[in-house]
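Source file protein31.cif; content: mmCIF, C-alpha atoms.
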data_coords
#
loop_
_atom_site.label_atom_id
_atom_site.label_comp_id
_atom_site.auth_asym_id
_atom_site.auth_seq_id
_atom_site.Cartn_x
_atom_site.Cartn_y
_atom_site.Cartn_z
CA MET V 1 -3.93 -8.14 8.56
CA LEU V 2 -3.78 -11.19 6.31
CA GLY V 3 -0.23 -12.28 5.54
CA ARG V 4 1.79 -15.33 4.54
CA VAL V 5 4.97 -16.06 6.45
CA GLY V 6 7.54 -18.79 6.88
CA ALA V 7 7.28 -21.15 9.85
CA GLU V 8 10.53 -19.74 11.26
CA ALA V 9 9.01 -16.33 12.00
CA VAL V 10 5.27 -16.74 12.53
CA GLU V 11 5.32 -16.41 16.33
CA TRP V 12 7.48 -13.27 16.22
CA HIS V 13 5.23 -11.58 13.66
CA GLU V 14 2.06 -12.51 15.55
CA ARG V 15 3.50 -11.10 18.76
CA GLU V 16 4.76 -7.87 17.18
CA LEU V 17 1.54 -7.20 15.27
CA ALA V 18 -0.65 -7.88 18.28
CA ALA V 19 1.49 -5.52 20.38
CA CYS V 20 0.71 -2.78 17.83
CA GLY V 21 -3.03 -3.40 18.03
CA VAL V 22 -3.21 -5.38 14.79
CA ARG V 23 -5.10 -8.68 14.63
CA PRO V 24 -2.71 -11.03 12.78
CA LEU V 25 -4.21 -13.58 10.39
CA LEU V 26 -1.04 -15.28 9.22
CA VAL V 27 -0.87 -18.22 6.85
CA VAL V 28 2.18 -20.39 7.60
CA ASP V 29 4.18 -21.51 4.56
CA ALA V 30 5.92 -24.81 5.21
CA GLU V 31 8.36 -24.40 2.33
CA ALA V 32 9.25 -20.74 1.73
CA PRO V 33 10.75 -18.32 4.29
CA THR V 34 9.17 -15.03 5.28
CA GLY V 35 9.73 -12.30 2.71
CA THR V 36 12.71 -10.08 3.50
CA VAL V 37 13.56 -6.54 2.45
CA ILE V 38 17.01 -5.06 3.01
CA CYS V 39 16.85 -1.27 3.21
CA LEU V 40 19.93 0.77 2.33
CA VAL V 41 19.48 4.34 3.60
CA ASP V 42 21.80 7.12 2.51
CA THR V 43 23.17 9.65 4.96
CA GLY V 44 22.20 12.69 2.89
CA ALA V 45 19.65 15.30 3.85
CA ALA V 46 16.78 13.43 2.16
CA ALA V 47 17.61 10.05 3.80
CA GLU V 48 16.37 8.22 0.71
CA ARG V 49 16.52 4.44 0.60
CA THR V 50 17.13 1.61 -1.83
CA LEU V 51 15.41 -1.73 -1.30
CA VAL V 52 16.72 -5.22 -2.00
CA THR V 53 13.76 -7.61 -1.89
CA ASP V 54 13.31 -11.36 -1.47
CA SER V 55 9.55 -11.82 -1.53
CA GLY V 56 9.68 -15.38 -0.19
CA ALA V 57 6.38 -16.74 1.09
CA SER V 58 4.44 -13.63 0.08
CA LEU V 59 4.63 -14.65 -3.60
CA ARG V 60 2.89 -17.92 -2.68
CA PHE V 61 -0.35 -16.32 -1.51
CA ALA V 62 -3.18 -18.19 -3.20
CA PRO V 63 -7.00 -18.13 -3.32
CA GLU V 64 -7.18 -20.85 -0.67
CA ASP V 65 -5.60 -18.37 1.77
CA TRP V 66 -8.64 -16.14 1.32
CA SER V 67 -12.04 -16.52 2.96
CA ASP V 68 -15.01 -14.24 2.34
CA ALA V 69 -15.57 -14.36 6.11
CA LEU V 70 -12.49 -12.16 6.45
CA LEU V 71 -14.75 -9.26 5.42
CA ASP V 72 -17.17 -9.81 8.31
CA GLY V 73 -17.46 -6.48 10.12
CA VAL V 74 -14.92 -4.86 7.80
CA ALA V 75 -15.54 -1.31 6.52
CA ARG V 76 -12.69 -1.18 4.00
CA LEU V 77 -10.29 -3.62 2.33
CA HIS V 78 -6.75 -2.49 1.51
CA LEU V 79 -4.54 -4.49 -0.86
CA SER V 80 -0.81 -4.32 -1.42
CA GLY V 81 0.30 -4.08 -5.02
CA TYR V 82 2.85 -6.79 -4.27
CA LEU V 83 -0.04 -9.24 -4.58
CA LEU V 84 -0.11 -8.54 -8.31
CA PHE V 85 3.40 -9.83 -8.94
CA SER V 86 2.77 -13.60 -8.92
CA GLU V 87 -0.02 -15.63 -10.51
CA PRO V 88 -1.23 -17.34 -7.30
CA SER V 89 -1.57 -14.02 -5.46
CA ARG V 90 -3.22 -12.39 -8.48
CA ALA V 91 -5.89 -15.05 -8.20
CA LEU V 92 -6.30 -14.14 -4.52
CA VAL V 93 -6.79 -10.49 -5.51
CA ARG V 94 -9.53 -11.47 -7.94
CA ALA V 95 -11.28 -13.49 -5.22
CA ALA V 96 -10.96 -10.68 -2.66
CA LEU V 97 -12.22 -8.03 -5.09
CA ALA V 98 -15.23 -10.14 -6.05
CA ALA V 99 -16.11 -10.71 -2.39
CA ALA V 100 -15.72 -7.02 -1.56
CA ARG V 101 -17.91 -5.97 -4.49
CA ALA V 102 -20.60 -8.44 -3.43
CA ARG V 103 -20.66 -6.93 0.07
CA GLY V 104 -20.28 -3.31 -0.98
CA VAL V 105 -16.93 -2.98 0.78
CA PRO V 106 -14.69 -0.30 -0.80
CA VAL V 107 -11.19 -1.39 -1.80
CA SER V 108 -7.96 0.59 -1.90
CA LEU V 109 -4.60 -0.42 -3.35
CA ASP V 110 -1.02 0.81 -3.17
CA PRO V 111 0.91 -0.15 -6.35
CA ALA V 112 3.92 -0.94 -4.10
CA SER V 113 6.87 -0.82 -6.48
CA ALA V 114 7.69 0.95 -9.74
CA GLY V 115 10.31 -1.71 -10.49
CA PHE V 116 7.81 -4.55 -10.21
CA LEU V 117 5.28 -2.56 -12.24
CA VAL V 118 7.72 -2.39 -15.14
CA ARG V 119 7.89 -6.19 -15.17
CA LEU V 120 4.13 -6.63 -14.78
CA GLY V 121 3.24 -4.07 -17.46
CA VAL V 122 0.98 -1.06 -17.21
CA ASP V 123 -1.92 -2.50 -19.21
CA ARG V 124 -1.94 -5.65 -17.12
CA PHE V 125 -1.86 -3.65 -13.89
CA LEU V 126 -4.80 -1.51 -14.98
CA SER V 127 -6.78 -4.59 -15.96
CA LEU V 128 -6.07 -6.39 -12.69
CA THR V 129 -7.07 -3.38 -10.61
CA ASP V 130 -10.40 -2.73 -12.27
CA GLY V 131 -12.89 -2.11 -9.46
CA ILE V 132 -10.45 -0.47 -7.05
CA ASP V 133 -12.02 2.57 -5.37
CA VAL V 134 -8.88 4.33 -4.13
CA LEU V 135 -5.42 4.17 -5.71
CA LEU V 136 -2.46 5.41 -3.66
CA PRO V 137 0.57 5.56 -5.97
CA SER V 138 3.92 7.20 -5.38
CA ARG V 139 5.10 9.92 -7.75
CA ASP V 140 7.21 7.40 -9.73
CA GLU V 141 4.39 4.85 -9.88
CA ALA V 142 1.87 7.43 -11.11
CA SER V 143 4.27 8.58 -13.81
CA LEU V 144 4.98 5.01 -14.89
CA LEU V 145 1.28 4.12 -15.04
CA THR V 146 0.42 7.14 -17.20
CA GLY V 147 3.60 7.95 -19.11
CA LEU V 148 3.29 11.53 -17.87
CA PRO V 149 6.24 13.18 -16.11
CA ASP V 150 4.17 15.90 -14.45
CA ALA V 151 2.81 14.68 -11.12
CA ALA V 152 -0.48 16.58 -11.33
CA ASP V 153 -1.14 15.45 -14.89
CA ALA V 154 -0.43 11.84 -13.91
CA ALA V 155 -2.75 11.95 -10.90
CA ALA V 156 -5.52 13.56 -12.96
CA LYS V 157 -5.24 10.94 -15.70
CA LEU V 158 -5.34 8.05 -13.23
CA SER V 159 -8.46 9.50 -11.63
CA ARG V 160 -10.32 8.94 -14.87
CA GLN V 161 -9.95 5.18 -14.26
CA PHE V 162 -10.04 5.08 -10.45
CA PRO V 163 -12.74 7.00 -8.53
CA LEU V 164 -10.20 8.53 -6.14
CA VAL V 165 -6.44 8.88 -6.58
CA VAL V 166 -4.16 10.09 -3.81
CA ALA V 167 -0.67 10.44 -5.24
CA LYS V 168 2.08 10.54 -2.61
CA GLN V 169 4.77 13.10 -3.43
CA GLY V 170 7.24 12.63 -0.59
CA ALA V 171 8.60 15.99 0.55
CA ASP V 172 6.08 17.68 -1.78
CA GLY V 173 3.07 16.31 0.10
CA ALA V 174 0.20 14.64 -1.75
CA LEU V 175 -2.20 15.24 -4.62
CA VAL V 176 -5.89 14.36 -4.37
CA ALA V 177 -7.58 13.75 -7.72
CA ARG V 178 -11.05 12.74 -8.81
CA SER V 179 -12.87 12.59 -12.17
CA GLY V 180 -9.88 13.76 -14.17
CA SER V 181 -8.98 16.78 -12.03
CA VAL V 182 -6.62 17.45 -9.12
CA LEU V 183 -8.83 18.70 -6.30
CA ALA V 184 -6.13 19.49 -3.76
CA HIS V 185 -2.38 19.67 -3.28
CA VAL V 186 -1.78 18.91 0.38
CA PRO V 187 1.61 20.15 1.59
CA ALA V 188 4.01 17.92 3.48
CA VAL V 189 4.50 18.41 7.20
CA PRO V 190 8.02 19.73 7.89
CA ALA V 191 10.36 17.02 9.16
CA THR V 192 14.04 16.19 9.50
CA PRO V 193 14.39 12.85 7.69
CA ARG V 194 16.46 10.06 9.19
CA ASP V 195 14.98 7.14 7.22
CA THR V 196 12.23 7.29 4.59
CA THR V 197 11.48 3.56 4.85
CA GLY V 198 7.79 3.03 5.56
CA ALA V 199 6.78 6.68 5.12
CA GLY V 200 4.42 5.90 2.25
CA ASP V 201 2.82 3.07 4.20
CA ALA V 202 2.41 5.32 7.23
CA PHE V 203 0.69 7.85 4.96
CA THR V 204 -1.63 5.19 3.59
CA GLY V 205 -2.56 3.86 7.02
CA ALA V 206 -3.38 7.28 8.44
CA PHE V 207 -5.23 8.31 5.28
CA LEU V 208 -7.48 5.25 5.31
CA ALA V 209 -8.06 5.44 9.06
CA SER V 210 -9.15 9.05 8.65
CA LEU V 211 -11.58 8.15 5.87
CA LEU V 212 -13.16 5.63 8.23
CA THR V 213 -13.80 8.39 10.79
CA GLY V 214 -15.69 10.42 8.17
CA ALA V 215 -12.93 12.76 7.00
CA ASP V 216 -13.04 13.95 3.40
CA PRO V 217 -10.11 12.94 1.15
CA GLU V 218 -8.23 16.23 1.57
CA GLU V 219 -8.50 16.07 5.36
CA ALA V 220 -7.44 12.43 5.28
CA ALA V 221 -4.44 13.30 3.11
CA ARG V 222 -3.37 15.86 5.71
CA GLU V 223 -3.39 13.12 8.33
CA GLY V 224 -1.41 10.94 5.94
CA CYS V 225 1.23 13.65 5.54
CA ARG V 226 1.41 14.03 9.31
CA ALA V 227 2.03 10.30 9.71
CA GLY V 228 4.60 10.29 6.93
CA ALA V 229 6.51 13.11 8.62
CA MET V 230 6.60 11.17 11.87
CA ALA V 231 7.81 8.06 10.06
CA VAL V 232 10.79 9.69 8.33
CA GLU V 233 12.13 11.00 11.63
CA ARG V 234 12.49 7.46 12.98
CA VAL V 235 14.88 4.75 11.83
CA GLY V 236 13.02 1.63 10.71
CA GLY V 237 9.91 0.82 8.73
CA ARG V 238 7.45 0.56 11.60
CA PRO V 239 6.85 3.97 13.23
CA PRO V 240 4.97 4.20 16.53
CA ALA V 241 1.22 4.75 16.61
CA MET V 242 0.20 8.36 16.12
CA PRO V 243 -1.09 10.22 19.18
CA SER V 244 -4.80 10.95 19.08
#
As structure tokens:
Amino acid sequence: MLGRVGAEAVEWHERELAACGVRPLLVVDAEAPTGTVICLVDTGAAAERTLVTDSGASLRFAPEDWSDALLDGVARLHLSGYLLFSEPSRALVRAALAAARARGVPVSLDPASAGFLVRLGVDRFLSLTDGIDVLLPSRDEASLLTGLPDAADAAAKLSRQFPLVVAKQGADGALVARSGSVLAHVPAVPATPRDTTGAGDAFTGAFLASLLTGADPEEAAREGCRAGAMAVERVGGRPPAMPS
């Protein structure tokens, strides 16, 4: 994991990531603090959350933080859509995409935030993400990017621009779309939500890990739904590793 953090927190993040089996490659920002997100979770049955974000050092990612050697031995590159919300990190995305294309490494991206997408603009987002192999939007993000309120219609339309679209639908599971058609509607795994923070990221991680084992997109989406269900039953944005 490549990240940019403030000097005040680098040791903590390195320790926590390593304890979870993640190799941390953290750039230390001498001026900006680590990005912070405050999650406000309601106590209703859906346990939905509202986020208050201070992106901090993450907005200062720049091409010099990237090295093509980061792709050595890598089978897939995953990018956060948050990288598209500042000019320095957009330049990093362009460098990373070019390097991945040159090596034949597939690239996936999660749009990250409907609110930020409104500010960035749909046309600009679609231009910046040209060359992405897998797009993993939420229901709201897919609707925003297409102007279509129906989730299946939105996923189908996006799959005309991106080779594979997996649209996360929360309690309604996930849609898998390719070449302008929805190929599968994968149901959610039943769960009793306590906190939905991190559920989409848990889905994405399990989905991509499953693809790397040779699973087809529908099978991988089922693993993503399983991970998402585990995540919502735990308070906090970092659920435990899934049992094998």
Nearby residues (all atoms listed in the file) at most 12 Å from region 215-217 of chain V, same-chain spacing under 5 positions excluded, as an NGL selection string: :V and (134 or 136 or 163-167 or 174-178 or 182-186 or 204 or 206-210 or 222-224)
Export of the given selection (C-alpha atoms) as a CSV table (one decimal), in the frame of the given file:
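Result saved to part.csv:
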chain,number,residue,atom,x,y,z
V,134,VAL,CA,-8.9,4.3,-4.1
V,136,LEU,CA,-2.5,5.4,-3.7
V,163,PRO,CA,-12.7,7.0,-8.5
V,164,LEU,CA,-10.2,8.5,-6.1
V,165,VAL,CA,-6.4,8.9,-6.6
V,166,VAL,CA,-4.2,10.1,-3.8
V,167,ALA,CA,-0.7,10.4,-5.2
V,174,ALA,CA,0.2,14.6,-1.8
V,175,LEU,CA,-2.2,15.2,-4.6
V,176,VAL,CA,-5.9,14.4,-4.4
V,177,ALA,CA,-7.6,13.8,-7.7
V,178,ARG,CA,-11.0,12.7,-8.8
V,182,VAL,CA,-6.6,17.4,-9.1
V,183,LEU,CA,-8.8,18.7,-6.3
V,184,ALA,CA,-6.1,19.5,-3.8
V,185,HIS,CA,-2.4,19.7,-3.3
V,186,VAL,CA,-1.8,18.9,0.4
V,204,THR,CA,-1.6,5.2,3.6
V,206,ALA,CA,-3.4,7.3,8.4
V,207,PHE,CA,-5.2,8.3,5.3
V,208,LEU,CA,-7.5,5.2,5.3
V,209,ALA,CA,-8.1,5.4,9.1
V,210,SER,CA,-9.2,9.0,8.6
V,222,ARG,CA,-3.4,15.9,5.7
V,223,GLU,CA,-3.4,13.1,8.3
V,224,GLY,CA,-1.4,10.9,5.9
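Evaluated against the shown file, the PyMOL selection byres ((chain V and resi 33) around 7) gives Val5, Gly6, Glu31, Ala32, Thr34, Gly35, Gly56 and Ala57 of chain V.
Distance annotation: of V:Thr129, V:Val122, V:Pro88, V:Arg76, the residue with the minimal separation from Val107 (chain V) is V:Arg76; atom set is only C-alpha atoms.
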Residues selected by the PyMOL selection byres ((chain V and resi 67) around 12), written as a PyMOL selection string: chain V and resi 2+25+27+62-66+68-72+92-93+95-100
Best match for closeness to Val52 (chain V) among V:Met1, V:Leu40, V:Leu211, V:Leu109, counting all atoms listed in the file: V:Leu40
Distance query Leu59 (chain V) at most 7 Å, all atoms listed in the file, self and fewer than 3 positions along chain excluded, as a PyMOL selection string: chain V and resi 55-56+86+89
Atomic separation - CA of Asp123 (chain V) relative to CA of Ala221 (chain V), Å: 27.5 Å
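Of the residues under consideration (V:Gly214, V:Gly237, V:Gly3, V:Gly170), V:Gly214 shows the shortest atom-to-atom contact distance to Ala75 (chain V) when counting only C-alpha atoms.
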With a distance cut-off of 8 Å and only C-alpha atoms, select the neighbouring residues of Asp172 (chain V), excluding the residue or stretch itself and same-chain residues fewer than 3 positions from it, and output the selection as an mmCIF file with C-alpha atoms, in the coordinates of the input.
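Final output, result-v5.cif:
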data_model
loop_
_atom_site.group_PDB
_atom_site.id
_atom_site.type_symbol
_atom_site.label_atom_id
_atom_site.label_comp_id
_atom_site.auth_asym_id
_atom_site.auth_seq_id
_atom_site.Cartn_x
_atom_site.Cartn_y
_atom_site.Cartn_z
ATOM 1 C CA GLN V 169 4.770 13.100 -3.430
ATOM 2 C CA PRO V 187 1.610 20.150 1.590
ATOM 3 C CA ALA V 188 4.010 17.920 3.480
#
Near-Thr50 (chain V) list (10 Å; only C-alpha atoms; drop same-chain fewer than 6 positions) as a VMD selection string: chain V and resid 37 to 42 196 to 197
Saved selection, atoms kept: C-alpha atoms, as an mmCIF file, in the frame of the given file:
data_model
loop_
_atom_site.group_PDB
_atom_site.id
_atom_site.type_symbol
_atom_site.label_atom_id
_atom_site.label_comp_id
_atom_site.auth_asym_id
_atom_site.auth_seq_id
_atom_site.Cartn_x
_atom_site.Cartn_y
_atom_site.Cartn_z
ATOM 1 C CA VAL V 37 13.560 -6.540 2.450
ATOM 2 C CA ILE V 38 17.010 -5.060 3.010
ATOM 3 C CA CYS V 39 16.850 -1.270 3.210
ATOM 4 C CA LEU V 40 19.930 0.770 2.330
ATOM 5 C CA VAL V 41 19.480 4.340 3.600
ATOM 6 C CA ASP V 42 21.800 7.120 2.510
ATOM 7 C CA THR V 196 12.230 7.290 4.590
ATOM 8 C CA THR V 197 11.480 3.560 4.850
#
CA of Ala30 (chain V) to CA of Thr53 (chain V), distance in Å rounded to a single decimal: 20.2 Å
Residue members of the PyMOL selection byres ((chain V and resi 137-145) around 12) in the file shown, as JSON, numbers by chain: {"V": [80, 81, 108, 109, 110, 111, 112, 113, 114, 115, 116, 117, 118, 119, 120, 121, 122, 123, 124, 125, 126, 127, 134, 135, 136, 146, 147, 148, 149, 150, 151, 152, 153, 154, 155, 156, 157, 158, 159, 161, 162, 164, 165, 166, 167, 168, 169, 170, 171, 172, 173, 174, 175, 176, 177, 199, 200, 201, 203, 204]}
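When CA of Thr213 (chain V) is paired with CA of Ala231 (chain V), their separation reads 21.6 Å.
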Counting all atoms listed in the file, the residue of V:Arg90, V:His78, V:Arg49, V:Arg234 that sits nearest Gly205 (chain V): V:His78
Please report, as JSON, the centre and edge lengths in Å to one decimal of an axis-aligned box covering all listed atoms of region 125-141 of chain V with 5 Å per side.
{"center_x": -2.8, "center_y": 1.8, "center_z": -9.8, "size_x": 30.1, "size_y": 26.3, "size_z": 22.3}
List the spatial neighbours of Ala229 (chain V) as a short mmCIF file (atom, residue, chain, number, x, y, z; two decimals) with C-alpha atoms, in the coordinates of the input - criterion: any atom at most 7 Å away, all atoms listed in the file, same-chain residues fewer than 5 positions off excluded.
data_model
loop_
_atom_site.label_atom_id
_atom_site.label_comp_id
_atom_site.auth_asym_id
_atom_site.auth_seq_id
_atom_site.Cartn_x
_atom_site.Cartn_y
_atom_site.Cartn_z
CA VAL V 189 4.50 18.41 7.20
CA PRO V 190 8.02 19.73 7.89
CA ALA V 191 10.36 17.02 9.16
#
Export N, CA, C and O atoms of region 18-37 of chain V from the structure just given, as an mmCIF file, in the first residue's frame?
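Final output, saved to out25.cif:
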data_model
loop_
_atom_site.group_PDB
_atom_site.id
_atom_site.type_symbol
_atom_site.label_atom_id
_atom_site.label_comp_id
_atom_site.auth_asym_id
_atom_site.auth_seq_id
_atom_site.Cartn_x
_atom_site.Cartn_y
_atom_site.Cartn_z
ATOM 1 N N ALA V 18 1.356 -3.352 8.913
ATOM 2 C CA ALA V 18 2.182 -4.561 8.927
ATOM 3 C C ALA V 18 1.516 -5.666 9.738
ATOM 4 O O ALA V 18 1.576 -6.848 9.370
ATOM 5 N N ALA V 19 0.859 -5.314 10.841
ATOM 6 C CA ALA V 19 0.177 -6.301 11.671
ATOM 7 C C ALA V 19 -0.980 -6.959 10.933
ATOM 8 O O ALA V 19 -1.379 -8.076 11.264
ATOM 9 N N CYS V 20 -1.516 -6.269 9.904
ATOM 10 C CA CYS V 20 -2.612 -6.822 9.099
ATOM 11 C C CYS V 20 -2.104 -7.517 7.841
ATOM 12 O O CYS V 20 -2.895 -7.869 6.953
ATOM 13 N N GLY V 21 -0.790 -7.677 7.728
ATOM 14 C CA GLY V 21 -0.238 -8.357 6.564
ATOM 15 C C GLY V 21 -0.057 -7.478 5.344
ATOM 16 O O GLY V 21 0.130 -7.980 4.238
ATOM 17 N N VAL V 22 -0.099 -6.158 5.548
ATOM 18 C CA VAL V 22 0.059 -5.206 4.449
ATOM 19 C C VAL V 22 1.470 -4.626 4.501
ATOM 20 O O VAL V 22 1.951 -4.232 5.571
ATOM 21 N N ARG V 23 2.135 -4.564 3.348
ATOM 22 C CA ARG V 23 3.460 -3.955 3.295
ATOM 23 C C ARG V 23 3.295 -2.449 3.106
ATOM 24 O O ARG V 23 2.892 -1.996 2.027
ATOM 25 N N PRO V 24 3.581 -1.645 4.138
ATOM 26 C CA PRO V 24 3.366 -0.201 4.028
ATOM 27 C C PRO V 24 4.503 0.494 3.287
ATOM 28 O O PRO V 24 5.679 0.292 3.585
ATOM 29 N N LEU V 25 4.135 1.296 2.296
ATOM 30 C CA LEU V 25 5.085 2.141 1.573
ATOM 31 C C LEU V 25 4.592 3.571 1.757
ATOM 32 O O LEU V 25 3.854 4.101 0.933
ATOM 33 N N LEU V 26 4.973 4.182 2.874
ATOM 34 C CA LEU V 26 4.393 5.446 3.284
ATOM 35 C C LEU V 26 5.352 6.601 3.052
ATOM 36 O O LEU V 26 6.494 6.590 3.520
ATOM 37 N N VAL V 27 4.873 7.595 2.322
ATOM 38 C CA VAL V 27 5.619 8.829 2.101
ATOM 39 C C VAL V 27 5.303 9.766 3.262
ATOM 40 O O VAL V 27 4.135 10.012 3.574
ATOM 41 N N VAL V 28 6.325 10.305 3.905
ATOM 42 C CA VAL V 28 6.126 11.184 5.054
ATOM 43 C C VAL V 28 6.066 12.633 4.582
ATOM 44 O O VAL V 28 6.975 13.125 3.906
ATOM 45 N N ASP V 29 4.974 13.302 4.918
ATOM 46 C CA ASP V 29 4.785 14.713 4.579
ATOM 47 C C ASP V 29 5.239 15.552 5.766
ATOM 48 O O ASP V 29 4.707 15.427 6.874
ATOM 49 N N ALA V 30 6.205 16.418 5.538
ATOM 50 C CA ALA V 30 6.765 17.216 6.630
ATOM 51 C C ALA V 30 5.893 18.408 6.997
ATOM 52 O O ALA V 30 6.126 19.060 8.021
ATOM 53 N N GLU V 31 4.887 18.702 6.181
ATOM 54 C CA GLU V 31 4.084 19.905 6.427
ATOM 55 C C GLU V 31 2.632 19.604 6.783
ATOM 56 O O GLU V 31 2.065 20.235 7.677
ATOM 57 N N ALA V 32 2.001 18.677 6.097
ATOM 58 C CA ALA V 32 0.581 18.414 6.308
ATOM 59 C C ALA V 32 0.380 17.207 7.225
ATOM 60 O O ALA V 32 1.179 16.267 7.214
ATOM 61 N N PRO V 33 -0.686 17.207 8.029
ATOM 62 C CA PRO V 33 -0.971 16.051 8.883
ATOM 63 C C PRO V 33 -1.616 14.925 8.093
ATOM 64 O O PRO V 33 -2.086 15.112 6.965
ATOM 65 N N THR V 34 -1.656 13.758 8.677
ATOM 66 C CA THR V 34 -2.345 12.622 8.062
ATOM 67 C C THR V 34 -3.818 12.958 7.856
ATOM 68 O O THR V 34 -4.446 13.582 8.711
ATOM 69 N N GLY V 35 -4.358 12.546 6.719
ATOM 70 C CA GLY V 35 -5.781 12.766 6.467
ATOM 71 C C GLY V 35 -6.641 12.124 7.553
ATOM 72 O O GLY V 35 -6.313 11.060 8.084
ATOM 73 N N THR V 36 -7.739 12.789 7.875
ATOM 74 C CA THR V 36 -8.616 12.325 8.954
ATOM 75 C C THR V 36 -10.055 12.306 8.466
ATOM 76 O O THR V 36 -10.491 13.230 7.783
ATOM 77 N N VAL V 37 -10.771 11.256 8.820
ATOM 78 C CA VAL V 37 -12.196 11.165 8.513
ATOM 79 C C VAL V 37 -12.950 10.903 9.812
ATOM 80 O O VAL V 37 -12.646 9.948 10.535
#
